[in-house]
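S.K.: Handing you this structure, nothing more for now.
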Amino acid sequence: MTILDEAAAIAGDLTALRRDLHREPEIGLQLPKTQDRVLRAIEGLPLSVSTGEKLTSVTAVLTGGGPGPTVLLRADMDALPVAEETGVPYASATGHAMHACGHDLHTAMLAGAARLLSKRKDTINGNVVFMFQPGEEGLAGARHMIDEGVLTAAGETGVSAAYALHVFSDIPYAQFQVRPGPMMANSDALDVTVRGRGGHASLPHKGADPVPVICEIVTALQTMVTRKFDIFEPVVLTVGSLHAGTARNVIPDEARFEGTVRSYAEETRKRVEEESVRLVRNIASGYGLEADVRFERRYPVTVNDPAEAAFALETARDLFTEDRAAVRPHPLPGGEDFSYVLREVPGAFLFLGACPPDADPAGAPSNHSARAVFDDGVLADGAALLAELALRRLR
């Protein structure tokens, strides 16, 4: 049997695993139910398994039949604080969390890859590390796992190459995408609190109203992006949360917002931090108010090694067909903490379309939506590609 045949034969098991995970999503670095389900899924395989100390990670090492390098395959396992609205039979049972980014599929695919590669243990020259990671959604779980030794789990020589994939609900069904260089963006936080002086809404001249000031800051930041930065050095700055006041007739003492900033170049990242902090403080000062500004650097840009991206593309085209694997023309401005792995190890991060085949990906609810639906039909192919990447790299 080919690896595709074997993957197809376990597709039912992978679907059952994915749906179990989907029903019981967990958020953050502590995912005890998810960890237990993963341990049961890989139980009995010839793997050396360890779990995290500060997070509920799972690291499993497959030692091949002969000496050689080490390849790492990764899946993230955490969900999002989203109330699901898909109506699927296996929808989240929690009411407050959802696998709205497809991490349940990633976990099932990696468990499948572990099964496929375990059957080929004696033909592998080297090792495979399976990295089941919590806390991708903003908590840098990958960095924590690196700190706890995932890159040296198979020996002090470390990992030679690393691969991961991510499903998207708005990419054509079963299409793989990859590109050399930046695949996803720097992801940073901009938090602002404007401090004024509260009072009666009918007497604004007796107070110092922070609300119009913070509104002006939000608008000015958008103008700054278009006036200060080259259009060929993309910057995205979005304010996603803005709060002020408790009643319509009360001027509040303060107003605050939380924003996210995306960029691709380190110099651009540095400049947008400097420019945004300066602009916020100057606008507030111009109205006689003060502003507390915090720019926090979070996930670095996810950069695919050019040779590894070409290798991944060739592997996908060989394993499937020419039209099933494409070079993505532009990076995605989302953030991804597999970037921490790729800063240490050459590798590739791929996208996989999981939009249901009867839906239009252009109009499908996107990742992180309460209505995002990912099709189980891609599970076997994702598992097969992860396994094949390791096999070819260790051949």
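By convention here, the chains of the structure tokens are called A, B, ... in the order presented, each chain's residues are numbered starting at 1, and ligands are numbered starting at 1 in the order presented.
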Any idea what's packed within 9 Å of Arg19 (chain A), counting only C-alpha atoms, ignoring anything in its chain fewer than 5 positions away? Could you give it as a list in words?
M.R.: Leu14, Glu24, Tyr90, Ala91, Asp104, Leu105 and Asp376 of chain A
S.K.: As a list in words, please: the residues near Lys270 (chain A) (cut-off 12 Å, only C-alpha atoms, same-chain neighbours under 5 positions excluded).
M.R.: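 Counting only C-alpha atoms, the residues come to Asn186, Asp188, Phe229, Val235, Val261, Arg262, Ser263, Tyr264, Ala265, Glu275, Ser276, Val277, Phe295, Glu296 and Arg297 of chain A.
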S.K.: Can you tell me, as an MDAnalysis selection string, what residues are no more than 10 Å from Leu203 (chain A) when counting only C-alpha atoms, ignoring any on the same chain fewer than 3 positions away?
M.R.: chainID A and resid 199:200 206:207 249:251
S.K.: Can you tell me which residues surround region 301-306 of chain A at a distance of at most 8 Å, considering only C-alpha atoms, apart from same-chain residues fewer than 2 positions away, and format the answer as a list of chain:residue names?
M.R.: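 Contacts, with the query itself left out: A:Arg179, A:Pro180, A:Gly181, A:Pro182, A:Met183, A:Met184, A:Ala185, A:Asn186, A:Ser187, A:Ser263, A:Tyr264, A:Ala265, A:Tyr299, A:Glu308, A:Ala309, A:Ala310, A:Gly335, A:Glu336, A:Asp337, A:Phe338, A:Ser339, A:Tyr340, A:Leu342, A:Arg343, A:Pro346, A:Gly347, A:Ala348, A:Phe349.
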S.K.: Among region 98-196 of chain A, which residues does DSSP mark as helix (DSSP H, G or I) when it is run on the backbone? Keep the chain and numbering as in the structure and answer as a PyMOL selection string.
M.R.: chain A and resi 103-118+121-123+141-147+150-152
S.K.: Hey, which of A:Arg120, A:His205, A:Arg294, A:Arg393 ends up closest to Arg278 (chain A)? Count only C-alpha atoms.
M.R.: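 Going through A:Arg120, A:His205, A:Arg294, A:Arg393 one by one, the smallest distance to Arg278 (chain A) is for A:Arg294.
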S.K.: Which of region 41-119 of chain A counts as strand (DSSP E or B) under DSSP, as number ranges by chain please?
M.R.: A: 48-51, 58-63, 66-76, 80, 98
S.K.: Go ahead and save the residues from that selection, with C-alpha atoms, as a PDB file, in the first residue's frame.
M.R.:
ATOM      1  CA  SER A  48       9.204   7.850  23.300  1.00  0.00           C
ATOM      2  CA  VAL A  49       6.578  10.153  24.799  1.00  0.00           C
ATOM      3  CA  SER A  50       6.990  13.009  27.274  1.00  0.00           C
ATOM      4  CA  THR A  51       4.684  15.760  28.476  1.00  0.00           C
ATOM      5  CA  VAL A  58       3.043  16.222  24.204  1.00  0.00           C
ATOM      6  CA  THR A  59       6.400  15.435  22.614  1.00  0.00           C
ATOM      7  CA  ALA A  60       6.767  12.054  20.928  1.00  0.00           C
ATOM      8  CA  VAL A  61      10.003  10.802  19.355  1.00  0.00           C
ATOM      9  CA  LEU A  62      10.214   8.070  16.720  1.00  0.00           C
ATOM     10  CA  THR A  63      13.701   6.599  16.474  1.00  0.00           C
ATOM     11  CA  GLY A  66      19.462   3.732  11.373  1.00  0.00           C
ATOM     12  CA  PRO A  67      21.364   6.854  12.341  1.00  0.00           C
ATOM     13  CA  GLY A  68      20.574  10.159  10.708  1.00  0.00           C
ATOM     14  CA  PRO A  69      19.192  13.663  11.241  1.00  0.00           C
ATOM     15  CA  THR A  70      16.005  14.649  13.037  1.00  0.00           C
ATOM     16  CA  VAL A  71      12.853  16.095  11.492  1.00  0.00           C
ATOM     17  CA  LEU A  72      10.206  17.861  13.560  1.00  0.00           C
ATOM     18  CA  LEU A  73       6.485  17.850  12.704  1.00  0.00           C
ATOM     19  CA  ARG A  74       4.208  20.158  14.658  1.00  0.00           C
ATOM     20  CA  ALA A  75       0.504  20.599  15.390  1.00  0.00           C
ATOM     21  CA  ASP A  76      -1.142  23.214  17.614  1.00  0.00           C
ATOM     22  CA  LEU A  80     -10.471  30.084  20.802  1.00  0.00           C
ATOM     23  CA  MET A  98     -14.563  26.633  19.684  1.00  0.00           C
TER      24      MET A  98
END
S.K.: Give me the residues near Cys215 (chain A) as a count of residues only, where near means some atom within 12 Å (using only C-alpha atoms) and where sequence neighbours in that chain fewer than 3 positions away do not count.
M.R.: 22
S.K.: For each of A:Gly382, A:Gly196, A:Pro329, A:Gly141, take the minimum atom-to-atom distance to Asp292 (chain A), counting only C-alpha atoms, then give the residue where this is smallest.
M.R.: A:Gly196
S.K.: Using only C-alpha atoms, which residues sit within 12 Å of Ala83 (chain A) once same-chain residues fewer than 5 positions away are excluded, as a list in words?
M.R.: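 So the residues in contact are Pro25, Ala91, Ser92, Ala93, Thr94, Gly95, His96, Ala97, Met98, His99, Ala100, His368, Ser369, Ala370, Arg371 and Ala372 of chain A.
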S.K.: Could you save the residues just selected, with all heavy atoms, as a compact mmCIF listing (two decimals), in the first residue's frame?
M.R.:
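Output below, filename out-v7.txt:
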# COMPACT_ATOMS: atom_id res chain seq x y z
N PRO A 25 -13.40 21.59 23.17
CA PRO A 25 -12.26 22.50 22.95
C PRO A 25 -11.75 23.07 24.27
O PRO A 25 -12.51 23.28 25.21
CB PRO A 25 -12.85 23.60 22.07
CG PRO A 25 -14.31 23.62 22.45
CD PRO A 25 -14.67 22.19 22.74
N ALA A 91 -20.59 19.96 17.10
CA ALA A 91 -20.25 21.31 17.57
C ALA A 91 -19.79 21.31 19.01
O ALA A 91 -20.08 20.38 19.79
CB ALA A 91 -21.45 22.23 17.41
N SER A 92 -19.07 22.34 19.37
CA SER A 92 -18.56 22.50 20.73
C SER A 92 -19.67 22.38 21.76
O SER A 92 -20.73 22.97 21.63
CB SER A 92 -17.88 23.86 20.87
OG SER A 92 -17.59 24.15 22.22
N ALA A 93 -19.38 21.60 22.79
CA ALA A 93 -20.35 21.41 23.87
C ALA A 93 -20.15 22.39 25.01
O ALA A 93 -20.91 22.37 25.99
CB ALA A 93 -20.26 19.98 24.40
N THR A 94 -19.14 23.26 24.91
CA THR A 94 -18.83 24.14 26.03
C THR A 94 -19.67 25.41 26.05
O THR A 94 -19.93 25.97 27.10
CB THR A 94 -17.36 24.56 26.01
OG1 THR A 94 -17.14 25.44 24.89
CG2 THR A 94 -16.43 23.35 25.89
N GLY A 95 -20.06 25.91 24.87
CA GLY A 95 -20.81 27.15 24.78
C GLY A 95 -19.96 28.40 24.81
O GLY A 95 -20.44 29.50 24.54
N HIS A 96 -18.66 28.27 25.13
CA HIS A 96 -17.80 29.45 25.23
C HIS A 96 -16.46 29.27 24.53
O HIS A 96 -15.64 30.18 24.53
CB HIS A 96 -17.56 29.80 26.70
CG HIS A 96 -16.89 28.69 27.46
ND1 HIS A 96 -15.53 28.47 27.41
CD2 HIS A 96 -17.40 27.73 28.27
CE1 HIS A 96 -15.22 27.43 28.17
NE2 HIS A 96 -16.34 26.96 28.69
N ALA A 97 -16.21 28.11 23.95
CA ALA A 97 -14.95 27.86 23.25
C ALA A 97 -15.23 27.09 21.98
O ALA A 97 -16.22 26.34 21.89
CB ALA A 97 -13.97 27.09 24.15
N MET A 98 -14.36 27.27 20.99
CA MET A 98 -14.56 26.63 19.68
C MET A 98 -13.23 26.47 18.97
O MET A 98 -12.35 27.33 19.07
CB MET A 98 -15.50 27.50 18.82
CG MET A 98 -15.67 27.01 17.40
SD MET A 98 -16.51 28.24 16.35
CE MET A 98 -16.41 27.43 14.74
N HIS A 99 -13.10 25.36 18.27
CA HIS A 99 -11.95 25.19 17.37
C HIS A 99 -12.25 25.95 16.08
O HIS A 99 -12.49 25.37 15.03
CB HIS A 99 -11.68 23.71 17.11
CG HIS A 99 -10.79 23.09 18.14
ND1 HIS A 99 -9.47 23.44 18.27
CD2 HIS A 99 -11.04 22.18 19.10
CE1 HIS A 99 -8.92 22.75 19.25
NE2 HIS A 99 -9.85 21.98 19.78
N ALA A 100 -12.20 27.28 16.19
CA ALA A 100 -12.53 28.14 15.06
C ALA A 100 -11.34 28.39 14.14
O ALA A 100 -11.47 29.09 13.15
CB ALA A 100 -13.06 29.48 15.57
N HIS A 368 -11.39 31.86 12.69
CA HIS A 368 -11.74 32.66 13.87
C HIS A 368 -13.21 33.08 13.88
O HIS A 368 -13.66 33.66 14.86
CB HIS A 368 -10.83 33.87 14.06
CG HIS A 368 -9.43 33.53 14.48
ND1 HIS A 368 -8.70 34.32 15.35
CD2 HIS A 368 -8.63 32.49 14.16
CE1 HIS A 368 -7.51 33.77 15.54
NE2 HIS A 368 -7.45 32.66 14.83
N SER A 369 -13.94 32.81 12.82
CA SER A 369 -15.37 33.11 12.81
C SER A 369 -16.12 32.03 13.59
O SER A 369 -15.78 30.85 13.56
CB SER A 369 -15.89 33.16 11.37
OG SER A 369 -17.32 33.14 11.35
N ALA A 370 -17.20 32.44 14.25
CA ALA A 370 -18.06 31.48 14.95
C ALA A 370 -18.76 30.54 13.99
O ALA A 370 -19.31 29.51 14.40
CB ALA A 370 -19.10 32.23 15.79
N ARG A 371 -18.74 30.88 12.69
CA ARG A 371 -19.41 30.06 11.68
C ARG A 371 -18.42 29.34 10.75
O ARG A 371 -18.83 28.76 9.74
CB ARG A 371 -20.36 30.93 10.85
CG ARG A 371 -21.51 31.48 11.68
CD ARG A 371 -22.37 32.45 10.90
NE ARG A 371 -21.63 33.66 10.54
CZ ARG A 371 -21.39 34.67 11.36
NH1 ARG A 371 -21.81 34.62 12.61
NH2 ARG A 371 -20.71 35.73 10.97
N ALA A 372 -17.13 29.36 11.08
CA ALA A 372 -16.13 28.71 10.23
C ALA A 372 -16.30 27.19 10.29
O ALA A 372 -16.41 26.60 11.36
CB ALA A 372 -14.73 29.09 10.69
S.K.: I'd like to know which of A:Ala189, A:Leu389, A:Ala354, A:Ile3 is closest to Glu314 (chain A), using only C-alpha atoms.
M.R.: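 Of A:Ala189, A:Leu389, A:Ala354, A:Ile3, the one nearest Glu314 (chain A), counting only C-alpha atoms, is A:Leu389.
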S.K.: Considering only C-alpha atoms, return as a ChimeraX atom specification whatever protein or nucleic-acid residues lie within 8 Å of Gly112 (chain A), sequence-local ones (same chain, fewer than 4 positions apart) excluded.
M.R.: /A:7,10,14,108,116,380,383-384
S.K.: Taking only C-alpha atoms into account, which of A:Leu47, A:Ala154, A:Ala174, A:Ala362 comes nearest Asp323 (chain A)?
M.R.: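 For Asp323 (chain A), the nearest of the given residues is A:Ala174.
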